[in-house]
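Some notes on the structure that comes next.
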Amino acid sequence: MKDSSDPRLVPLLAGIVASLLAGVAAVVGMYSGALGAWLGIALVMATIGGLVGFAARCHMVNRARLRAGDSAAIGSRLDTLDARVSLTQAPFVTAECDHLTRLEAATTGVCQLREIAEGVYCVEALFDVSGRLMWISPSIERLTGWTPETCLAAPDALALMVHESDRRYCLRMAQRVAEGSAGEDFEMRLLREDGRICWVACHWRPLGKHSAHPAGLRMSAEDIQARKETEYKLLETVTELRRAQALRERYLARSNDERQRLSALLNVIRLGILFMDRDHRVLYCNRAMLDIWGFPPDENLIGMRDVVLQSRIAELIEQPEAYIEHIDAVLRTFVVSEPYEVHFRDGRIVTDIAAVVEAVQGRRGIGRVWIYEDVTQQRRTAERLVELAEHDPLTGLFNRRRFHEELTRLLADASRRGVQVGLVAIDLDGFKPINDEFGHQAGDEVLVGLAGAVGDVIRRNEMFCRLGGDEFAVLVPDTEETQLCELARRILEVIEALRFDFGGRSVGLTASLGIAIFPHHASTAEQLIAVADQAMYRSKSSGRDQWTMAASGSDESARMGTSDSDEPNRRGD
């Protein structure tokens, strides 16, 4: 919009006004008679009017010149602003528009930029090169709780907003930008009003990038708290996974070590160990198991099914069908099996025990363990111990302990079935002189020879025992008196026929026998032994080398002191 007044008309109008005033003064002087004075006054007035007009024209010309300079300066500034912010890109604004239109467009743009700056989600802040806060977006209150006014009023805004652990680094990055860096990007923690922290991605940029030195600093801060929390959780998860992996590797190493220790232990024990899985396949077997079942030491049974394993061991045992039935019976149970003896064809005896290997969770087992033990030597040792406990070590006959056990058993059986049991007590005649003259070794030889000779005439159902020293006894179940007498006769004949050669001398001996019958002569084992001994001693006192039948309990007590009440029976009578 242009000014309609012309500055050149002002002095002209002033001159005209001065002339008119001079004319008026002359007319007044004509009529008043003082024409000369008024003419002087008019001349002065005209001069003054001219000077005033000239001065006014000079002032107007100067003002026009000033206005032209201001307009040029404003145009230059608007051109510079248009080059920086592109004002001509606004609708209906071109470079040919007057200054007022262009200023109105710039004002509108500045208002819009302020609204945008105040409505940004991230934090925007402007600092001077010394670090003093000049402006900050209202979003700082949403992020930290601090109001823009509080931040602007703080002596040191960065000390207020930035966490102390990150404050020095933030100031160093701002200083680098102030010294000419194109920008610095990093992450830091803002301190909230309530004392908590908030992670942000911070960007420092210089203001006035078109100038050689920045006019200030711009700080942009993006809220990355959610991302940091996710990173922390992910880091914790990764840490837990690494810890779990380390623990798993540690446990695996320990498990492998324990497995090696267990394998070494199982390989040195003499028990055969076999682990089968729930699919009846071999998982593990130790060396003793391979040795017991006759497999080569380098045989690999891992993965072999039980039916294949059974087919390979069937030819080694005496009753394979019975053993397979035993295995099937064990597999149908879920308790520890009873020991089962397997007799091998080579004479060995092996026992097996099976148990379910329980799972950590659930009731179903993960397999079964079989334990095999070669008990051949144990059985032989046990039999030997039984033999030593029940047999005389010199003669091999049953000893006194077994004699009493069998006597008790036979009497109980006879009482139940109503039969008789006979007892023949034997005491050697002339054994002590042989032992004294030729020594104990000669005596042992006599005892062994006698045991063998008499044993040949003892029937299978009769039991020949050595009670100690030169005392022997024969138990005869389910017998009669005539059978006992015949047995006594055979024993005396065998003993009398024995001859021993000691130092070139032939030596013989005889025996005295006593016979007692249960329940005819006694009703208990102790009584039966007592009456048999009494009958045997009567044989000795009557001349030896004979047998004597015991009397009944009542007769025995009546005639015990006489020698003719129970005359001994001679051989051949």
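Residue numbering restarts at 1 in every chain; chains get A, B, ... in the order shown in the structure tokens, and ligands count up from 1 in that same order.
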
Can you list, as a PyMOL selection string, every protein, DNA or RNA residue that comes within 6 Å of Ile273 in chain A when you count only C-alpha atoms, leaving out same-chain residues fewer than 6 positions away? chain A and resi 285-286+289+370-371

Residues within 9 Å of range 131-142 of chain A, please, as a PyMOL selection string. Count only C-alpha atoms; anything in the same chain fewer than 5 positions from it doesn't count. chain A and resi 117-126+147-149+151-158+171+174-175+216-217

Figure out the distance between CA of Ala453 in chain A and CA of Leu388 in chain A, please, to one decimal in Å.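 Between these atoms lies a distance of 21.5 Å.
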
At a cut-off of 12 Å, using only C-alpha atoms, what residues contact range 191-202 of chain A? Leave out same-chain residues fewer than 5 positions from it and give the result as a PyMOL selection string. chain A and resi 122-125+140-147+150-151+157-167+169-171+173-174+183-186+218-232

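CA of Arg400 in chain A is found 20.6 Å from CA of Ala414 in chain A.
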
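Nearest residue to Thr548 in chain A among A:Glu471, A:Ala525, A:Val61, A:Leu423 is A:Leu423, counting only C-alpha atoms.
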
To test your reading of the structure, identify every residue in range 205-400 of chain A that backbone DSSP assigns to alpha helix (DSSP H), and report it as a PDB file with C-alpha atoms, in the first residue's frame.
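Result saved to states05.pdb:
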```
ATOM      1  CA  GLN A 225      12.432 -46.061  28.438  1.00  0.00           C
ATOM      2  CA  ALA A 226      10.211 -48.820  27.054  1.00  0.00           C
ATOM      3  CA  ARG A 227      13.003 -49.959  24.761  1.00  0.00           C
ATOM      4  CA  LYS A 228      15.512 -49.907  27.611  1.00  0.00           C
ATOM      5  CA  GLU A 229      13.184 -51.916  29.830  1.00  0.00           C
ATOM      6  CA  THR A 230      12.800 -54.390  27.001  1.00  0.00           C
ATOM      7  CA  GLU A 231      16.567 -54.461  26.574  1.00  0.00           C
ATOM      8  CA  TYR A 232      16.993 -55.008  30.308  1.00  0.00           C
ATOM      9  CA  LYS A 233      14.469 -57.825  30.263  1.00  0.00           C
ATOM     10  CA  LEU A 234      16.130 -59.271  27.178  1.00  0.00           C
ATOM     11  CA  LEU A 235      19.513 -58.884  28.839  1.00  0.00           C
ATOM     12  CA  GLU A 236      18.189 -60.566  31.971  1.00  0.00           C
ATOM     13  CA  THR A 237      16.723 -63.314  29.814  1.00  0.00           C
ATOM     14  CA  VAL A 238      20.011 -63.727  27.951  1.00  0.00           C
ATOM     15  CA  THR A 239      21.854 -63.692  31.271  1.00  0.00           C
ATOM     16  CA  GLU A 240      19.497 -66.317  32.659  1.00  0.00           C
ATOM     17  CA  LEU A 241      19.883 -68.364  29.506  1.00  0.00           C
ATOM     18  CA  ARG A 242      23.657 -68.102  29.726  1.00  0.00           C
ATOM     19  CA  ARG A 243      23.533 -68.959  33.407  1.00  0.00           C
ATOM     20  CA  ALA A 244      21.225 -71.884  32.657  1.00  0.00           C
ATOM     21  CA  GLN A 245      23.518 -72.965  29.831  1.00  0.00           C
ATOM     22  CA  ALA A 246      26.547 -72.692  32.108  1.00  0.00           C
ATOM     23  CA  LEU A 247      24.741 -74.665  34.782  1.00  0.00           C
ATOM     24  CA  ARG A 248      23.617 -77.201  32.196  1.00  0.00           C
ATOM     25  CA  GLU A 249      27.161 -77.539  30.896  1.00  0.00           C
ATOM     26  CA  ARG A 250      28.423 -77.803  34.457  1.00  0.00           C
ATOM     27  CA  TYR A 251      25.813 -80.400  35.347  1.00  0.00           C
ATOM     28  CA  LEU A 252      26.520 -82.205  32.093  1.00  0.00           C
ATOM     29  CA  ALA A 253      30.223 -82.266  32.884  1.00  0.00           C
ATOM     30  CA  ARG A 254      29.471 -83.435  36.403  1.00  0.00           C
ATOM     31  CA  SER A 255      27.027 -85.978  35.016  1.00  0.00           C
ATOM     32  CA  ASN A 256      29.674 -87.246  32.621  1.00  0.00           C
ATOM     33  CA  ASP A 257      32.160 -87.417  35.471  1.00  0.00           C
ATOM     34  CA  GLU A 258      29.664 -89.249  37.635  1.00  0.00           C
ATOM     35  CA  ARG A 259      28.878 -91.543  34.745  1.00  0.00           C
ATOM     36  CA  GLN A 260      32.565 -92.317  34.309  1.00  0.00           C
ATOM     37  CA  ARG A 261      32.903 -92.953  38.035  1.00  0.00           C
ATOM     38  CA  LEU A 262      29.794 -95.130  38.025  1.00  0.00           C
ATOM     39  CA  SER A 263      31.011 -96.994  34.961  1.00  0.00           C
ATOM     40  CA  ALA A 264      34.402 -97.567  36.596  1.00  0.00           C
ATOM     41  CA  LEU A 265      32.668 -98.744  39.755  1.00  0.00           C
ATOM     42  CA  LEU A 266      30.332-101.077  37.907  1.00  0.00           C
ATOM     43  CA  ASN A 267      33.210-102.495  35.914  1.00  0.00           C
ATOM     44  CA  VAL A 268      35.262-103.446  38.955  1.00  0.00           C
ATOM     45  CA  ARG A 287      32.174-106.289  32.123  1.00  0.00           C
ATOM     46  CA  ALA A 288      31.053-108.711  34.806  1.00  0.00           C
ATOM     47  CA  MET A 289      27.753-109.214  32.974  1.00  0.00           C
ATOM     48  CA  LEU A 290      29.607-110.058  29.757  1.00  0.00           C
ATOM     49  CA  ASP A 291      31.874-112.426  31.647  1.00  0.00           C
ATOM     50  CA  ILE A 292      29.019-114.189  33.472  1.00  0.00           C
ATOM     51  CA  ASP A 306      15.837-108.836  25.006  1.00  0.00           C
ATOM     52  CA  VAL A 307      14.559-111.634  22.739  1.00  0.00           C
ATOM     53  CA  VAL A 308      17.843-111.639  20.831  1.00  0.00           C
ATOM     54  CA  LEU A 309      19.770-111.660  24.092  1.00  0.00           C
ATOM     55  CA  GLN A 310      17.679-114.568  25.405  1.00  0.00           C
ATOM     56  CA  SER A 311      18.266-116.574  22.264  1.00  0.00           C
ATOM     57  CA  ARG A 312      22.018-116.160  22.668  1.00  0.00           C
ATOM     58  CA  ILE A 313      22.109-117.279  26.310  1.00  0.00           C
ATOM     59  CA  PRO A 320      16.195-122.261  29.061  1.00  0.00           C
ATOM     60  CA  GLU A 321      12.390-122.600  28.894  1.00  0.00           C
ATOM     61  CA  ALA A 322      12.028-122.264  32.647  1.00  0.00           C
ATOM     62  CA  TYR A 323      14.357-119.256  32.680  1.00  0.00           C
ATOM     63  CA  ILE A 324      12.414-117.466  29.926  1.00  0.00           C
ATOM     64  CA  GLU A 325       9.180-118.088  31.847  1.00  0.00           C
ATOM     65  CA  HIS A 326      10.867-116.590  34.883  1.00  0.00           C
ATOM     66  CA  ILE A 327      11.815-113.452  32.880  1.00  0.00           C
ATOM     67  CA  ASP A 328       8.241-113.065  31.585  1.00  0.00           C
ATOM     68  CA  ALA A 329       6.892-113.356  35.120  1.00  0.00           C
ATOM     69  CA  VAL A 330       9.309-110.695  36.383  1.00  0.00           C
ATOM     70  CA  LEU A 331       8.396-108.283  33.582  1.00  0.00           C
ATOM     71  CA  THR A 376      28.956-120.976  42.365  1.00  0.00           C
ATOM     72  CA  GLN A 377      31.803-120.520  44.789  1.00  0.00           C
ATOM     73  CA  GLN A 378      29.439-119.314  47.467  1.00  0.00           C
ATOM     74  CA  ARG A 379      27.276-122.401  47.058  1.00  0.00           C
ATOM     75  CA  ARG A 380      30.313-124.621  47.219  1.00  0.00           C
ATOM     76  CA  THR A 381      31.605-122.786  50.234  1.00  0.00           C
ATOM     77  CA  ALA A 382      28.207-122.969  51.878  1.00  0.00           C
ATOM     78  CA  GLU A 383      27.981-126.657  51.146  1.00  0.00           C
ATOM     79  CA  ARG A 384      31.463-127.089  52.509  1.00  0.00           C
ATOM     80  CA  LEU A 385      30.575-125.152  55.638  1.00  0.00           C
ATOM     81  CA  VAL A 386      27.441-127.235  56.065  1.00  0.00           C
ATOM     82  CA  GLU A 387      29.498-130.318  55.533  1.00  0.00           C
ATOM     83  CA  LEU A 388      32.032-129.179  58.099  1.00  0.00           C
ATOM     84  CA  ALA A 389      29.262-128.265  60.484  1.00  0.00           C
ATOM     85  CA  GLU A 390      27.487-131.624  60.059  1.00  0.00           C
ATOM     86  CA  ARG A 400      27.369-135.499  66.905  1.00  0.00           C
TER      87      ARG A 400
END
```

Could you name the residues that touch Ala182 in chain A at 10 Å or less, counting only C-alpha atoms, but leaving out those on the same chain fewer than 3 positions away, as an MDAnalysis selection string? chainID A and resid 176:179 204:206 209

Would you output that residue set with all heavy atoms, as an mmCIF file, in the first residue's frame?
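Okay, result-v1.cif is ready:
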```cif
data_model
loop_
_atom_site.group_PDB
_atom_site.id
_atom_site.type_symbol
_atom_site.label_atom_id
_atom_site.label_comp_id
_atom_site.auth_asym_id
_atom_site.auth_seq_id
_atom_site.Cartn_x
_atom_site.Cartn_y
_atom_site.Cartn_z
ATOM 1 N N ARG A 176 31.556 -30.348 22.556
ATOM 2 C CA ARG A 176 32.088 -30.721 21.249
ATOM 3 C C ARG A 176 31.274 -30.112 20.126
ATOM 4 O O ARG A 176 31.826 -29.658 19.112
ATOM 5 C CB ARG A 176 32.116 -32.242 21.128
ATOM 6 C CG ARG A 176 33.125 -32.898 22.043
ATOM 7 C CD ARG A 176 33.090 -34.396 21.962
ATOM 8 N NE ARG A 176 33.383 -34.875 20.609
ATOM 9 C CZ ARG A 176 33.477 -36.163 20.271
ATOM 10 N NH1 ARG A 176 33.288 -37.087 21.213
ATOM 11 N NH2 ARG A 176 33.755 -36.511 19.037
ATOM 12 N N VAL A 177 29.934 -30.074 20.289
ATOM 13 C CA VAL A 177 29.089 -29.440 19.258
ATOM 14 C C VAL A 177 29.340 -27.942 19.218
ATOM 15 O O VAL A 177 29.402 -27.325 18.148
ATOM 16 C CB VAL A 177 27.604 -29.769 19.525
ATOM 17 C CG1 VAL A 177 26.709 -29.009 18.550
ATOM 18 C CG2 VAL A 177 27.366 -31.262 19.389
ATOM 19 N N ALA A 178 29.499 -27.328 20.395
ATOM 20 C CA ALA A 178 29.765 -25.885 20.435
ATOM 21 C C ALA A 178 31.106 -25.548 19.798
ATOM 22 O O ALA A 178 31.293 -24.445 19.276
ATOM 23 C CB ALA A 178 29.727 -25.392 21.884
ATOM 24 N N GLU A 179 32.027 -26.502 19.808
ATOM 25 C CA GLU A 179 33.353 -26.259 19.224
ATOM 26 C C GLU A 179 33.420 -26.609 17.742
ATOM 27 O O GLU A 179 34.495 -26.505 17.147
ATOM 28 C CB GLU A 179 34.389 -27.076 19.991
ATOM 29 C CG GLU A 179 34.598 -26.590 21.424
ATOM 30 C CD GLU A 179 35.535 -27.503 22.199
ATOM 31 O OE1 GLU A 179 35.926 -28.545 21.616
ATOM 32 O OE2 GLU A 179 35.873 -27.177 23.351
ATOM 33 N N TRP A 204 22.548 -33.793 20.047
ATOM 34 C CA TRP A 204 23.006 -32.400 20.105
ATOM 35 C C TRP A 204 23.317 -31.939 18.683
ATOM 36 O O TRP A 204 24.016 -32.614 17.942
ATOM 37 C CB TRP A 204 24.267 -32.273 20.960
ATOM 38 C CG TRP A 204 24.019 -32.334 22.442
ATOM 39 C CD1 TRP A 204 24.227 -33.381 23.257
ATOM 40 C CD2 TRP A 204 23.545 -31.274 23.269
ATOM 41 N NE1 TRP A 204 23.911 -33.073 24.550
ATOM 42 C CE2 TRP A 204 23.482 -31.756 24.593
ATOM 43 C CE3 TRP A 204 23.145 -29.948 23.030
ATOM 44 C CZ2 TRP A 204 23.048 -30.989 25.663
ATOM 45 C CZ3 TRP A 204 22.719 -29.177 24.115
ATOM 46 C CH2 TRP A 204 22.664 -29.693 25.398
ATOM 47 N N ARG A 205 22.747 -30.769 18.326
ATOM 48 C CA ARG A 205 22.991 -30.183 17.000
ATOM 49 C C ARG A 205 23.278 -28.690 17.166
ATOM 50 O O ARG A 205 22.742 -28.036 18.060
ATOM 51 C CB ARG A 205 21.784 -30.359 16.070
ATOM 52 C CG ARG A 205 21.455 -31.816 15.751
ATOM 53 C CD ARG A 205 22.550 -32.435 14.873
ATOM 54 N NE ARG A 205 22.210 -33.780 14.476
ATOM 55 C CZ ARG A 205 22.507 -34.870 15.157
ATOM 56 N NH1 ARG A 205 23.176 -34.740 16.298
ATOM 57 N NH2 ARG A 205 22.169 -36.051 14.725
ATOM 58 N N PRO A 206 24.120 -28.126 16.271
ATOM 59 C CA PRO A 206 24.393 -26.683 16.359
ATOM 60 C C PRO A 206 23.252 -25.881 15.742
ATOM 61 O O PRO A 206 22.593 -26.316 14.794
ATOM 62 C CB PRO A 206 25.692 -26.527 15.568
ATOM 63 C CG PRO A 206 25.659 -27.658 14.574
ATOM 64 C CD PRO A 206 24.960 -28.794 15.249
ATOM 65 N N LYS A 209 23.568 -23.248 11.307
ATOM 66 C CA LYS A 209 24.543 -24.040 10.580
ATOM 67 C C LYS A 209 25.093 -23.330 9.348
ATOM 68 O O LYS A 209 26.099 -23.762 8.780
ATOM 69 C CB LYS A 209 23.912 -25.365 10.169
ATOM 70 C CG LYS A 209 22.713 -25.213 9.241
ATOM 71 C CD LYS A 209 22.099 -26.567 8.920
ATOM 72 C CE LYS A 209 20.886 -26.431 8.008
ATOM 73 N NZ LYS A 209 20.298 -27.733 7.671
#
```

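Remark: for Val375 in chain A, the closest of the candidate residues A:Glu338, A:Asp444, A:Leu271, A:Leu394 is A:Leu271 (distances computed over only C-alpha atoms).
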
List every residue of range 88-220 of chain A that DSSP, applied to the backbone of this structure, places in strand (DSSP E), and write the result as a ChimeraX atom specification. /A:123-127,133-136,184-191,197-207,216-220

Mind giving me the straight-line distance from CA of Gly365 in chain A to CA of Met276 in chain A in Å, one decimal?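 Between CA of Gly365 in chain A and CA of Met276 in chain A the gap works out to 10.9 Å.
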
Counting only C-alpha atoms, which of A:Ile317, A:Arg281, A:Arg459, A:Phe502 gets nearest to Gln441 in chain A?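 Checking each of A:Ile317, A:Arg281, A:Arg459, A:Phe502 against Gln441 in chain A, counting only C-alpha atoms, the winner is A:Phe502.
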
Under the rule that only C-alpha atoms are counted, which of A:Met463, A:Ala412, A:Ala535, A:Leu450 is the nearest residue to Glu496 in chain A?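 Using only C-alpha atoms, the shortest distance to Glu496 in chain A belongs to A:Leu450.
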
From the list A:Glu341, A:Asp501, A:Asp277, A:Glu481, which residue is nearest Ala442 in chain A when using only C-alpha atoms?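 The closest residue to Ala442 in chain A is A:Asp501.
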